[in-house]
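Novice: Sharing target.cif here; it has mmCIF, C-alpha atoms.
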```cif
data_final
#
loop_
_atom_site.label_atom_id
_atom_site.label_comp_id
_atom_site.auth_asym_id
_atom_site.auth_seq_id
_atom_site.Cartn_x
_atom_site.Cartn_y
_atom_site.Cartn_z
CA MET A 1 75.96 82.81 97.65
CA PRO A 2 76.94 81.50 101.09
CA GLY A 3 78.48 84.06 103.42
CA SER A 4 77.26 87.01 101.35
CA SER A 5 77.71 90.53 102.70
CA PRO A 6 75.29 93.46 102.59
CA ALA A 7 75.40 95.32 99.31
CA LEU A 8 78.40 97.58 98.85
CA THR A 9 77.50 101.08 97.75
CA ARG A 10 79.94 103.52 96.22
CA CYS A 11 80.40 107.21 96.75
CA ASN A 12 82.45 107.56 93.58
CA CYS A 13 81.28 106.24 90.25
CA VAL A 14 84.22 104.16 89.07
CA CYS A 15 83.95 100.95 87.06
CA ALA A 16 86.73 98.42 86.54
CA ALA A 17 87.91 97.51 83.11
CA GLY A 18 86.69 94.11 82.04
CA GLY A 19 88.98 91.19 81.41
CA GLY A 20 89.00 87.48 80.92
CA GLY A 21 85.34 86.63 81.30
CA GLY A 22 83.63 85.06 84.31
CA GLY A 23 83.21 81.43 85.21
CA GLY A 24 82.13 80.65 81.65
CA GLY A 25 85.55 81.31 80.05
CA ALA A 26 87.75 78.70 78.41
CA ALA A 27 88.88 75.91 80.71
CA GLY A 28 91.93 76.86 82.75
CA THR A 29 91.83 80.57 81.90
CA PHE A 30 91.47 83.28 84.53
CA GLY A 31 90.74 86.98 84.35
CA THR A 32 93.27 88.89 82.27
CA LEU A 33 95.90 86.16 82.63
CA GLY A 34 94.63 83.93 79.86
CA LYS A 35 95.63 80.28 80.21
CA VAL A 36 96.75 79.34 83.72
CA CYS A 37 96.14 75.58 83.79
CA GLY A 38 95.72 72.93 81.15
CA PRO A 39 97.16 69.84 79.43
CA GLY A 40 100.83 69.72 78.56
CA ASP A 41 103.86 67.50 78.18
CA ALA A 42 105.98 68.55 81.16
CA LYS A 43 107.78 65.53 82.57
CA GLY A 44 110.50 64.45 84.94
CA ALA A 45 111.16 64.03 88.65
CA THR A 46 112.95 67.38 88.60
CA ALA A 47 112.77 68.20 92.33
CA LYS A 48 111.41 66.96 95.65
CA GLY A 49 107.64 66.68 95.31
CA VAL A 50 107.69 66.67 91.50
CA THR A 51 107.06 63.63 89.30
CA ASP A 52 106.01 63.05 85.69
CA SER A 53 102.39 63.41 86.73
CA GLU A 54 102.27 65.42 89.97
CA ILE A 55 103.43 68.54 91.80
CA ARG A 56 103.07 68.21 95.56
CA VAL A 57 102.87 71.47 97.50
CA GLY A 58 101.88 72.60 100.99
CA THR A 59 99.53 75.28 102.28
CA VAL A 60 99.81 76.41 105.91
CA ALA A 61 97.02 78.02 107.97
CA ASP A 62 95.75 78.07 111.57
CA PRO A 63 92.11 76.83 111.50
CA GLY A 64 92.71 74.27 114.24
CA PHE A 65 93.57 76.91 116.86
CA ALA A 66 91.22 76.16 119.76
CA GLY A 67 91.05 79.81 120.78
CA ARG A 68 89.66 80.88 117.40
CA PRO A 69 88.36 77.85 115.47
CA GLY A 70 88.53 78.34 111.72
CA LEU A 71 91.28 80.97 111.87
CA ASN A 72 92.26 81.69 108.26
CA GLN A 73 90.31 78.70 106.95
CA GLU A 74 90.02 80.73 103.75
CA LEU A 75 93.64 79.84 102.89
CA PHE A 76 92.78 76.14 102.86
CA ASP A 77 89.56 76.88 100.97
CA ALA A 78 91.39 78.87 98.29
CA ALA A 79 93.90 76.02 97.92
CA THR A 80 91.08 73.49 97.56
CA VAL A 81 89.17 75.52 94.99
CA PHE A 82 92.22 76.35 92.89
CA THR A 83 93.48 72.77 92.93
CA LYS A 84 90.13 71.30 91.88
CA TRP A 85 89.71 73.89 89.11
CA CYS A 86 93.27 73.57 87.82
CA ASN A 87 93.34 69.79 87.88
CA GLU A 88 90.00 69.57 86.09
CA ALA A 89 91.44 71.80 83.36
CA GLY A 90 94.43 69.48 82.94
CA GLY A 91 96.80 70.55 85.68
CA ILE A 92 99.95 72.64 85.33
CA ALA A 93 101.40 71.81 81.92
CA GLY A 94 99.83 68.38 82.37
CA ARG A 95 100.99 67.68 85.92
CA LYS A 96 98.23 67.49 88.55
CA ILE A 97 98.53 69.36 91.83
CA LYS A 98 98.52 67.47 95.12
CA VAL A 99 98.11 69.88 98.03
CA ASP A 100 98.93 69.15 101.67
CA LEU A 101 96.77 71.26 104.00
CA LEU A 102 99.10 71.92 106.94
CA ASP A 103 97.25 73.07 110.07
CA ALA A 104 99.67 75.00 112.29
CA LYS A 105 97.00 75.49 114.98
CA LEU A 106 98.75 78.77 115.88
CA THR A 107 101.56 77.14 117.88
CA GLU A 108 102.68 74.31 115.56
CA PHE A 109 104.06 76.24 112.59
CA ARG A 110 107.56 74.79 112.88
CA GLN A 111 106.21 71.21 112.95
CA ARG A 112 104.25 71.83 109.75
CA ILE A 113 107.30 73.34 108.05
CA LEU A 114 109.34 70.27 108.93
CA GLU A 115 106.61 68.09 107.38
CA ALA A 116 106.62 70.24 104.24
CA CYS A 117 110.40 69.89 104.04
CA GLU A 118 109.95 66.13 103.87
CA ASN A 119 107.22 66.07 101.24
CA ASP A 120 106.62 69.25 99.29
CA PHE A 121 108.13 71.05 96.34
CA SER A 122 107.04 74.45 97.63
CA LEU A 123 104.66 76.24 99.96
CA VAL A 124 101.85 78.05 98.14
CA GLY A 125 99.09 80.41 99.24
CA GLY A 126 99.49 79.95 102.99
CA GLY A 127 100.19 82.00 106.07
CA ALA A 128 100.34 81.63 109.85
CA VAL A 129 100.27 83.97 112.82
CA PHE A 130 103.52 82.70 114.35
CA ASP A 131 105.43 82.33 111.10
CA ASP A 132 108.74 83.29 112.70
CA ALA A 133 109.07 79.85 114.30
CA GLY A 134 110.02 77.80 111.24
CA GLN A 135 111.85 80.14 108.88
CA LYS A 136 115.31 78.72 109.62
CA ASP A 137 113.96 75.21 109.05
CA ARG A 138 112.36 76.28 105.77
CA LEU A 139 115.58 77.78 104.48
CA SER A 140 117.67 74.86 105.73
CA CYS A 141 115.68 72.53 103.49
CA LEU A 142 115.60 75.14 100.67
CA LEU A 143 111.78 75.24 100.57
CA PRO A 144 110.32 78.13 98.51
CA ASP A 145 107.25 80.01 99.72
CA ILE A 146 104.86 81.65 97.26
CA ALA A 147 102.97 83.09 100.20
CA GLY A 148 99.39 84.03 100.83
CA TYR A 149 100.58 86.34 103.59
CA VAL A 150 103.46 86.74 106.04
CA VAL A 151 103.49 88.45 109.43
CA SER A 152 106.72 88.46 111.40
CA PRO A 153 109.85 90.40 110.38
CA GLU A 154 111.70 87.08 110.21
CA ALA A 155 109.27 85.86 107.55
CA ARG A 156 108.58 89.12 105.73
CA GLY A 157 112.23 89.67 104.89
CA SER A 158 113.23 86.03 104.43
CA ASP A 159 114.94 84.44 101.45
CA LEU A 160 113.20 82.05 99.03
CA LEU A 161 109.98 84.05 99.50
CA VAL A 162 107.70 85.56 96.86
CA GLN A 163 104.70 87.64 97.91
CA VAL A 164 101.94 88.58 95.46
CA MET A 165 101.14 91.67 97.53
CA PRO A 166 104.55 92.39 99.09
CA ASN A 167 104.78 93.39 102.73
CA PRO A 168 108.48 94.21 103.26
CA ASN A 169 110.07 95.25 106.53
CA ASN A 170 111.38 98.59 105.30
CA GLU A 171 108.40 100.26 103.61
CA ILE A 172 104.61 100.49 103.77
CA ASN A 173 101.76 101.95 101.77
CA ASN A 174 100.38 104.74 103.97
CA GLY A 175 98.30 106.37 101.26
CA ASP A 176 95.09 105.72 103.18
CA MET A 177 96.58 107.33 106.29
CA GLN A 178 97.42 110.39 104.22
CA TRP A 179 93.82 110.43 103.01
CA LEU A 180 92.46 110.07 106.56
CA ALA A 181 94.68 112.86 107.89
CA LYS A 182 93.47 115.14 105.11
CA THR A 183 89.82 114.15 105.57
CA PHE A 184 89.83 114.33 109.39
CA PRO A 185 92.41 117.00 110.28
CA GLU A 186 91.16 117.63 113.83
CA ALA A 187 90.76 113.98 114.76
CA SER A 188 94.25 113.31 113.37
CA LYS A 189 95.67 115.38 116.22
CA LYS A 190 94.32 112.86 118.75
CA VAL A 191 95.10 109.35 117.53
CA ALA A 192 95.62 106.11 119.48
CA ALA A 193 97.55 103.09 118.20
CA MET A 194 96.16 99.76 119.39
CA THR A 195 97.15 96.11 119.05
CA ALA A 196 97.34 92.84 120.95
CA GLY A 197 100.34 91.99 123.10
CA LEU A 198 102.00 89.80 120.46
CA PRO A 199 105.50 90.57 119.16
CA SER A 200 104.56 90.23 115.48
CA THR A 201 101.49 92.47 115.68
CA ILE A 202 103.38 95.01 117.78
CA VAL A 203 105.85 95.37 114.90
CA VAL A 204 102.98 95.96 112.45
CA LYS A 205 101.47 98.51 114.84
CA ASP A 206 104.79 100.30 115.22
CA GLN A 207 105.09 100.58 111.46
CA ALA A 208 101.55 101.95 111.32
CA VAL A 209 102.53 104.54 113.94
CA GLU A 210 105.44 105.69 111.79
CA GLY A 211 103.14 105.73 108.78
CA GLY A 212 100.54 107.76 110.65
CA LYS A 213 103.06 110.28 111.91
CA ALA A 214 104.49 110.72 108.41
CA ALA A 215 100.95 111.36 107.17
CA GLY A 216 100.53 114.15 109.74
CA MET A 217 98.87 112.33 112.61
CA THR A 218 99.69 112.88 116.28
CA ILE A 219 99.75 109.69 118.37
CA VAL A 220 98.57 110.46 121.92
CA ALA A 221 98.10 106.88 123.18
CA ASP A 222 99.67 103.48 122.56
CA ILE A 223 97.47 100.71 123.96
CA GLN A 224 97.86 96.93 124.05
CA TYR A 225 94.92 94.62 124.66
CA ASN A 226 94.76 90.94 125.55
CA ALA A 227 95.51 88.76 122.51
CA ASN A 228 92.40 86.68 123.25
CA GLY A 229 90.25 89.79 123.69
CA GLU A 230 89.07 91.57 126.80
CA ASN A 231 86.35 90.40 129.17
CA THR A 232 85.15 93.99 129.07
CA TRP A 233 86.45 96.79 126.88
CA ALA A 234 85.16 99.49 129.23
CA PRO A 235 88.57 100.22 130.87
CA ILE A 236 90.21 100.62 127.45
CA VAL A 237 87.39 102.86 126.27
CA GLN A 238 87.87 104.96 129.40
CA ALA A 239 91.61 105.20 128.67
CA LEU A 240 90.83 106.43 125.16
CA LYS A 241 88.36 108.94 126.53
CA SER A 242 90.81 110.25 129.15
CA LYS A 243 93.29 111.02 126.34
CA GLY A 244 90.65 112.68 124.19
CA VAL A 245 91.28 110.19 121.39
CA LYS A 246 89.23 110.76 118.22
CA GLY A 247 90.97 108.38 115.80
CA ILE A 248 92.44 104.88 116.07
CA LEU A 249 95.11 103.00 114.12
CA TRP A 250 94.09 99.41 114.86
CA THR A 251 96.09 96.22 114.31
CA GLY A 252 94.31 92.96 115.09
CA GLU A 253 91.32 90.94 113.95
CA PRO A 254 87.67 91.71 113.18
CA GLU A 255 86.04 90.19 116.28
CA ASN A 256 88.10 92.19 118.76
CA LEU A 257 87.64 95.44 116.85
CA ALA A 258 83.89 94.84 116.72
CA LYS A 259 83.79 94.37 120.49
CA LEU A 260 85.82 97.54 121.04
CA GLU A 261 83.35 99.42 118.87
CA GLN A 262 80.49 98.02 120.94
CA GLY A 263 82.26 99.36 124.02
CA LEU A 264 82.65 102.78 122.39
CA LYS A 265 78.96 102.83 121.53
CA ASP A 266 77.95 101.79 125.05
CA ALA A 267 80.02 104.69 126.39
CA ASN A 268 78.57 107.07 123.78
CA TYR A 269 82.11 107.95 122.74
CA PRO A 270 82.33 107.63 118.92
CA MET A 271 85.55 107.87 116.94
CA ASP A 272 85.83 110.13 113.90
CA PHE A 273 87.80 107.33 112.24
CA ILE A 274 89.13 103.85 112.97
CA ARG A 275 91.72 102.50 110.55
CA PRO A 276 92.19 98.68 110.58
CA ASP A 277 94.30 96.58 108.23
CA ALA A 278 92.96 94.79 105.19
CA ASN A 279 92.04 91.55 107.00
CA HIS A 280 89.09 93.46 108.52
CA TYR A 281 87.28 93.45 105.20
CA ASP A 282 85.32 90.54 106.61
CA GLN A 283 81.66 89.87 107.30
CA LYS A 284 82.65 88.87 110.85
CA LEU A 285 83.28 92.54 111.63
CA LEU A 286 79.70 93.45 110.73
CA ASP A 287 78.08 90.35 112.23
CA THR A 288 79.87 90.79 115.56
CA GLY A 289 79.64 94.57 115.84
CA GLY A 290 76.17 95.14 114.42
CA LYS A 291 74.94 98.71 114.83
CA ALA A 292 78.10 99.68 116.73
CA ILE A 293 80.23 99.65 113.57
CA GLU A 294 80.76 103.19 112.35
CA ASN A 295 83.44 105.40 110.83
CA THR A 296 85.65 102.37 110.22
CA TYR A 297 87.91 102.73 107.17
CA VAL A 298 89.60 99.50 106.12
CA HIS A 299 92.86 99.77 104.19
CA ALA A 300 92.42 97.63 101.07
CA GLN A 301 94.05 96.68 97.79
CA ILE A 302 91.52 94.23 96.30
CA TYR A 303 88.36 94.72 94.26
CA PRO A 304 85.23 94.45 96.45
CA PHE A 305 83.17 91.28 96.26
CA GLU A 306 79.92 93.24 96.34
CA GLN A 307 80.80 94.85 93.00
CA ALA A 308 81.93 91.59 91.41
CA ALA A 309 79.54 92.04 88.50
CA GLU A 310 81.68 94.99 87.39
CA ASN A 311 84.98 93.10 87.59
CA PRO A 312 85.24 89.78 85.69
CA ALA A 313 88.14 88.38 87.73
CA THR A 314 86.33 88.87 91.04
CA GLN A 315 83.16 87.36 89.61
CA GLN A 316 85.10 84.37 88.28
CA TYR A 317 86.76 83.87 91.68
CA LEU A 318 83.33 83.77 93.37
CA ASP A 319 81.92 81.50 90.65
CA LEU A 320 84.76 79.02 91.16
CA PHE A 321 83.99 78.85 94.88
CA GLU A 322 80.32 78.34 94.10
CA LYS A 323 81.19 75.44 91.81
CA TYR A 324 83.97 73.69 93.72
CA LEU A 325 83.40 74.62 97.39
CA PRO A 326 80.01 76.30 97.82
CA ASN A 327 80.23 76.31 101.61
CA GLY A 328 83.79 77.62 101.63
CA LYS A 329 84.85 81.04 102.84
CA ALA A 330 84.96 82.83 99.51
CA LYS A 331 84.47 86.41 100.63
CA SER A 332 87.71 86.94 102.47
CA TYR A 333 90.54 89.35 101.77
CA LEU A 334 93.19 86.77 102.60
CA GLY A 335 91.41 84.24 100.39
CA VAL A 336 91.88 86.56 97.41
CA GLN A 337 95.56 87.02 98.26
CA ALA A 338 95.99 83.26 98.51
CA PHE A 339 94.23 82.66 95.19
CA SER A 340 96.50 85.24 93.55
CA ALA A 341 99.50 83.34 94.94
CA TRP A 342 98.19 80.13 93.38
CA LEU A 343 97.73 81.86 90.03
CA LEU A 344 101.29 83.15 90.16
CA PHE A 345 102.65 79.74 91.15
CA ALA A 346 100.82 78.05 88.28
CA LYS A 347 102.02 80.57 85.72
CA GLY A 348 105.59 80.25 86.98
CA ALA A 349 105.50 76.44 87.06
CA THR A 350 104.10 76.37 83.52
CA ALA A 351 106.97 78.56 82.36
CA CYS A 352 109.42 76.10 83.94
CA GLY A 353 107.81 73.11 82.21
CA SER A 354 110.06 70.04 82.29
CA LYS A 355 112.73 72.08 84.06
CA LEU A 356 110.58 72.64 87.15
CA THR A 357 113.09 73.15 89.94
CA ARG A 358 112.99 75.31 93.05
CA ALA A 359 115.44 77.73 91.51
CA CYS A 360 113.22 77.98 88.43
CA ILE A 361 109.96 78.54 90.31
CA LEU A 362 111.47 81.42 92.30
CA ASP A 363 112.89 82.98 89.15
CA LYS A 364 109.83 82.51 86.94
CA THR A 365 107.25 83.67 89.48
CA LYS A 366 109.12 86.96 89.84
CA GLN A 367 109.43 87.26 86.05
CA VAL A 368 105.76 86.47 85.47
CA GLY A 369 104.65 88.73 88.31
CA GLY A 370 106.66 91.65 87.04
CA THR A 371 106.07 95.12 88.44
CA SER A 372 102.29 95.27 87.97
CA TRP A 373 100.81 91.91 89.02
CA THR A 374 97.04 92.06 89.66
CA GLY A 375 96.15 88.38 89.94
CA GLY A 376 94.35 88.70 86.63
CA GLY A 377 92.35 91.67 87.96
CA LEU A 378 91.66 90.56 91.53
CA HIS A 379 93.63 93.40 93.15
CA GLY A 380 95.61 96.57 92.55
CA ALA A 381 98.96 96.39 90.79
CA SER A 382 101.87 95.09 92.89
CA ASN A 383 105.60 94.84 92.29
CA VAL A 384 106.35 91.13 92.54
CA ARG A 385 109.67 91.25 90.72
CA GLU A 386 111.29 93.62 93.19
CA GLN A 387 109.08 92.71 96.18
CA LYS A 388 108.29 96.38 96.81
CA ALA A 389 105.25 97.72 98.66
CA THR A 390 102.41 98.48 96.27
CA GLU A 391 101.77 102.07 95.24
CA CYS A 392 98.01 101.45 95.06
CA PHE A 393 95.32 101.50 97.74
CA THR A 394 91.62 101.86 98.21
CA VAL A 395 89.40 102.18 101.30
CA PHE A 396 86.33 100.19 102.35
CA LYS A 397 84.16 102.06 104.84
CA ALA A 398 82.36 99.64 107.18
CA SER A 399 78.91 100.33 108.64
CA PRO A 400 75.93 98.23 109.78
CA ASN A 401 74.69 98.41 106.18
CA GLY A 402 77.84 96.90 104.74
CA PHE A 403 80.94 98.30 103.06
CA SER A 404 81.13 101.39 100.86
CA LEU A 405 83.84 103.02 98.76
CA PRO A 406 84.44 106.65 99.76
CA ASP A 407 85.96 109.11 97.32
CA ILE A 408 89.73 108.65 97.60
CA ASP A 409 90.68 110.41 94.35
CA ALA A 410 90.99 107.09 92.53
CA ASN A 411 93.06 107.24 89.36
CA ASP A 412 93.18 103.55 88.37
CA SER A 413 89.77 101.88 88.53
CA ILE A 414 88.87 102.03 92.26
CA TYR A 415 92.50 102.52 93.33
CA ASN A 416 94.64 105.53 94.11
CA CYS A 417 98.06 104.69 92.70
CA SER A 418 101.10 106.92 93.23
CA PRO A 419 104.73 106.58 94.37
CA SER A 420 103.85 109.09 97.11
CA ASN A 421 101.67 106.40 98.74
CA VAL A 422 104.79 104.41 99.70
CA LEU A 423 106.72 105.40 102.81
CA GLN A 424 110.34 104.34 103.30
CA LEU A 425 110.47 103.41 106.97
CA LYS A 426 113.21 104.77 109.21
CA GLY A 427 112.60 102.58 112.26
CA ASP A 428 114.30 99.28 112.95
CA TYR A 429 111.59 96.63 112.64
CA GLY A 430 113.76 93.56 112.54
CA LYS A 431 115.13 91.60 109.62
CA GLY A 432 114.33 88.48 107.74
CA VAL A 433 116.02 85.11 108.04
CA THR A 434 118.53 84.57 105.25
CA LEU A 435 120.18 81.57 103.67
CA ALA A 436 123.46 82.73 105.17
CA ASP A 437 121.88 82.44 108.63
CA VAL A 438 121.56 78.68 108.11
CA GLY A 439 124.86 78.17 106.30
CA LYS A 440 123.32 78.06 102.82
CA SER A 441 123.51 80.14 99.66
CA LEU A 442 121.61 80.45 96.38
CA SER A 443 124.18 78.15 94.80
CA ASP A 444 122.72 75.34 96.94
CA LEU A 445 119.31 75.83 95.31
CA LYS A 446 118.66 73.36 92.53
#
```
Would you encode the structure as structure tokens?
Specialist:
Amino acid sequence: MPGSSPALTRCNCVCAAGGGGGGGGAAGTFGTLGKVCGPGDAKGATAKGVTDSEIRVGTVADPGFAGRPGLNQELFDAATVFTKWCNEAGGIAGRKIKVDLLDAKLTEFRQRILEACENDFSLVGGGAVFDDAGQKDRLSCLLPDIAGYVVSPEARGSDLLVQVMPNPNNEINNGDMQWLAKTFPEASKKVAAMTAGLPSTIVVKDQAVEGGKAAGMTIVADIQYNANGENTWAPIVQALKSKGVKGILWTGEPENLAKLEQGLKDANYPMDFIRPDANHYDQKLLDTGGKAIENTYVHAQIYPFEQAAENPATQQYLDLFEKYLPNGKAKSYLGVQAFSAWLLFAKGATACGSKLTRACILDKTKQVGGTSWTGGGLHGASNVREQKATECFTVFKASPNGFSLPDIDANDSIYNCSPSNVLQLKGDYGKGVTLADVGKSLSDLK
């Protein structure tokens, strides 16, 4: 399959429970969810973007950013694949999906939100780096967002938002940090926190610092790098070396981390562990870093693509890409999150039927998602109803040979799930934009 990764090996012998069948299942069914799309008799122009025959929605991403062409293209690809599959099966209760692919190009998020306000029933399966820019506009026009991902505090805590893998401002899953601190007790005494000089990523880094400290880590350096990368990483490597750093909590993107690791290898100064966020489960990390990638433990909550044969939902997801967009970016963490958002949207819209309004879609997606949504088996259980941080995590260890699953004391398939994995944050990391901020209330939502 295009974009395939080296084989993923596992250090613990855990197999996922089957569910739903692969690409050969009944039309419109997915994983453990059963029927998601199909014929129906839903009718009525019940809201902006909704007609007897169509539901028009928007997906935002940043692939047109000149500084990193193709940034989060996987969000558009997931939207394209889901829409083609769902419409071929009969649509959502008979209505076909029309998707607007809204390219924010990093700096044009607000413009795309204003366009969506004019045309779309809801946002689905999208995300953008500078998503703080248009939240007031989104709420002013009462536009729901069934998000692929959100970044800024303004977006993460905003109203009219449903996340399939919630990322609230006031809590995080630091279970993997607890595991790292236990596994590498000496290195955990000499940890650096690193991110680019962007306000939104600095907030994420600061939350990781609190999570690391609560797990027992000692942060001895806090380093910012250029958002576009460094011409040479040697000065930063020297700064790490001067502090005796042996572990890193990294917030950023795969290419920059790969180049840092090349700098560490050139200086013959290896880390005992590097902990990046889930978006680093990406072939770009391995392709860019090559033999320099080592001791890198990616926080994750999805089932690995390389073991898709053991997990029907993951295999079906890959099969759908192969059928509907064979050159698309299938093997992407954010792509899985986006696809899960589309599944949730479709289930919620089906439940609304001929009463498909914005108020209904927000209510039904939370009802359908419940407290253990897995996207039909694509990822660990998440609390959609209450929008709480998930209690489940796994870890993908990156190396030049690919990704592997270390032994993390998994107790639910490949995941470690426990309330103790969730940390209630004490720091002030900002707040989301609310309806009250724009002079609106839920009573305005129709």
Novice: Distance table requested - region 175-226 of chain A against region 278-298 of chain A, cut-off 10 Å, only C-alpha atoms: one row per qualifying residue with the closest atom pair and its distance in Å to one decimal, ordered by chain and rising residue number, as a Markdown table.
Specialist:
```
| residue | atom | partner | partner_atom | distance |
| --- | --- | --- | --- | --- |
| A:Asp176 | CA | A:Tyr297 | CA | 8.7 |
| A:Met177 | CA | A:Tyr297 | CA | 9.9 |
| A:Leu180 | CA | A:Tyr297 | CA | 8.7 |
```
Novice: Expanded to explicit residues, what is the PyMOL selection byres ((chain A and resi 201-218) around 9) for this file, as a PyMOL selection string?
Specialist: chain A and resi 151-153+169+171-175+177-182+185+187-200+219-220+224+249-252+423+425-427+429-430
Novice: Keeping only C-alpha atoms, write the selected residues to a file as a CSV table (one decimal), in the frame of the given file.
Specialist:
```
chain,number,residue,atom,x,y,z
A,151,VAL,CA,103.5,88.4,109.4
A,152,SER,CA,106.7,88.5,111.4
A,153,PRO,CA,109.8,90.4,110.4
A,169,ASN,CA,110.1,95.2,106.5
A,171,GLU,CA,108.4,100.3,103.6
A,172,ILE,CA,104.6,100.5,103.8
A,173,ASN,CA,101.8,102.0,101.8
A,174,ASN,CA,100.4,104.7,104.0
A,175,GLY,CA,98.3,106.4,101.3
A,177,MET,CA,96.6,107.3,106.3
A,178,GLN,CA,97.4,110.4,104.2
A,179,TRP,CA,93.8,110.4,103.0
A,180,LEU,CA,92.5,110.1,106.6
A,181,ALA,CA,94.7,112.9,107.9
A,182,LYS,CA,93.5,115.1,105.1
A,185,PRO,CA,92.4,117.0,110.3
A,187,ALA,CA,90.8,114.0,114.8
A,188,SER,CA,94.2,113.3,113.4
A,189,LYS,CA,95.7,115.4,116.2
A,190,LYS,CA,94.3,112.9,118.8
A,191,VAL,CA,95.1,109.4,117.5
A,192,ALA,CA,95.6,106.1,119.5
A,193,ALA,CA,97.6,103.1,118.2
A,194,MET,CA,96.2,99.8,119.4
A,195,THR,CA,97.2,96.1,119.0
A,196,ALA,CA,97.3,92.8,121.0
A,197,GLY,CA,100.3,92.0,123.1
A,198,LEU,CA,102.0,89.8,120.5
A,199,PRO,CA,105.5,90.6,119.2
A,200,SER,CA,104.6,90.2,115.5
A,219,ILE,CA,99.8,109.7,118.4
A,220,VAL,CA,98.6,110.5,121.9
A,224,GLN,CA,97.9,96.9,124.0
A,249,LEU,CA,95.1,103.0,114.1
A,250,TRP,CA,94.1,99.4,114.9
A,251,THR,CA,96.1,96.2,114.3
A,252,GLY,CA,94.3,93.0,115.1
A,423,LEU,CA,106.7,105.4,102.8
A,425,LEU,CA,110.5,103.4,107.0
A,426,LYS,CA,113.2,104.8,109.2
A,427,GLY,CA,112.6,102.6,112.3
A,429,TYR,CA,111.6,96.6,112.6
A,430,GLY,CA,113.8,93.6,112.5
```
Novice: Evaluating the PyMOL selection byres ((chain A and resi 368) around 8) on the displayed file yields which residues, as a VMD selection string?
Specialist: chain A and resid 344 347 to 348 364 to 367 369 to 370
Novice: For those residues, write C-alpha atoms to a file as an mmCIF file, in the frame of the given file.
Specialist:
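Saved file out-v9.cif follows:
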```
data_model
loop_
_atom_site.group_PDB
_atom_site.id
_atom_site.type_symbol
_atom_site.label_atom_id
_atom_site.label_comp_id
_atom_site.auth_asym_id
_atom_site.auth_seq_id
_atom_site.Cartn_x
_atom_site.Cartn_y
_atom_site.Cartn_z
ATOM 1 C CA LEU A 344 101.290 83.150 90.160
ATOM 2 C CA LYS A 347 102.020 80.570 85.720
ATOM 3 C CA GLY A 348 105.590 80.250 86.980
ATOM 4 C CA LYS A 364 109.830 82.510 86.940
ATOM 5 C CA THR A 365 107.250 83.670 89.480
ATOM 6 C CA LYS A 366 109.120 86.960 89.840
ATOM 7 C CA GLN A 367 109.430 87.260 86.050
ATOM 8 C CA GLY A 369 104.650 88.730 88.310
ATOM 9 C CA GLY A 370 106.660 91.650 87.040
#
```
Novice: Which of these, A:Ile274, A:Ala349, A:Leu101, A:Ile236, has the shortest distance to Ile248 (chain A) once you count all atoms listed in the file?
Specialist: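 Using all atoms listed in the file, the shortest distance to Ile248 (chain A) belongs to A:Ile274.
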Novice: Within 7 Å of Lys43 (chain A), counting only C-alpha atoms, which residues qualify if same-chain residues fewer than 2 places away don't, as number ranges by chain?
Specialist: A: 41, 52, 354
Novice: May I have the selected residues written with C-alpha atoms, as a short mmCIF file (atom, residue, chain, number, x, y, z; two decimals), keeping the file's coordinate frame?
Specialist:
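File produced: part.cif:
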```
data_model
loop_
_atom_site.label_atom_id
_atom_site.label_comp_id
_atom_site.auth_asym_id
_atom_site.auth_seq_id
_atom_site.Cartn_x
_atom_site.Cartn_y
_atom_site.Cartn_z
CA ASP A 41 103.86 67.50 78.18
CA ASP A 52 106.01 63.05 85.69
CA SER A 354 110.06 70.04 82.29
#
```
Novice: Take CA of Pro304 (chain A) and CA of Phe396 (chain A) and report the distance between them in Å, one decimal.
Specialist: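 Interatomic distance here is 8.3 Å.
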Novice: By how many Å are CA of Asn401 (chain A) and CA of Glu74 (chain A) apart?
Specialist: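 Separating CA of Asn401 (chain A) from CA of Glu74 (chain A) is a distance of 23.5 Å.
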Novice: With only C-alpha atoms as the basis for distance, which of A:Gly49, A:Gly376, A:Gly125, A:Pro406 is at the shortest distance from Lys35 (chain A)?
Specialist: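 Of all the options, A:Gly376 lies closest to Lys35 (chain A).
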Novice: Quick one: what's the axis-aligned box for region 422-427 of chain A, all listed atoms, 8 Å on every side, centre and edges in Å to one decimal, as AutoDock Vina command-line options?
Specialist:
```
--center_x 109.0 --center_y 104.0 --center_z 106.0 --size_x 24.4 --size_y 18.8 --size_z 28.6
```
Novice: Could you tell me which residues the PyMOL selection byres ((chain A and resi 124) around 8) returns for this structure, as a ChimeraX atom specification?
Specialist: /A:57-59,122-123,125-126,145-148,338,341-342,345
Novice: Between CA of Leu139 (chain A) and CA of Ser158 (chain A), what distance in Å does the model show, to one decimal?
Specialist: 8.6 Å
Novice: Measuring atom to atom with all atoms listed in the file, identify which of A:Gly335, A:Met271, A:Leu257, A:Gln301 is nearest to Gly127 (chain A).
Specialist: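 Nearest candidate to Gly127 (chain A) out of A:Gly335, A:Met271, A:Leu257, A:Gln301: A:Gly335.
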Novice: Using all atoms listed in the file, which protein or nucleic acid residues come within 12 Å of region 108-119 of chain A? Drop anything in the same chain fewer than 6 positions from it, and give the result as a PyMOL selection string.
Specialist: chain A and resi 47-50+55-65+98-102+126-145
Novice: Could you check which of A:Leu343, A:Cys86, A:Ala239, A:Val433 is closest to Glu154 (chain A), using all atoms listed in the file?
Specialist: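 Using all atoms listed in the file, Glu154 (chain A) sits closest to A:Val433.
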Novice: Restricting the calculation to only C-alpha atoms: of A:Leu334, A:Ala221, A:Ala79, A:Ile408, which residue gets closest to Ile302 (chain A)?
Specialist: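 The shortest atom-to-atom distance to Ile302 (chain A) comes from A:Leu334.
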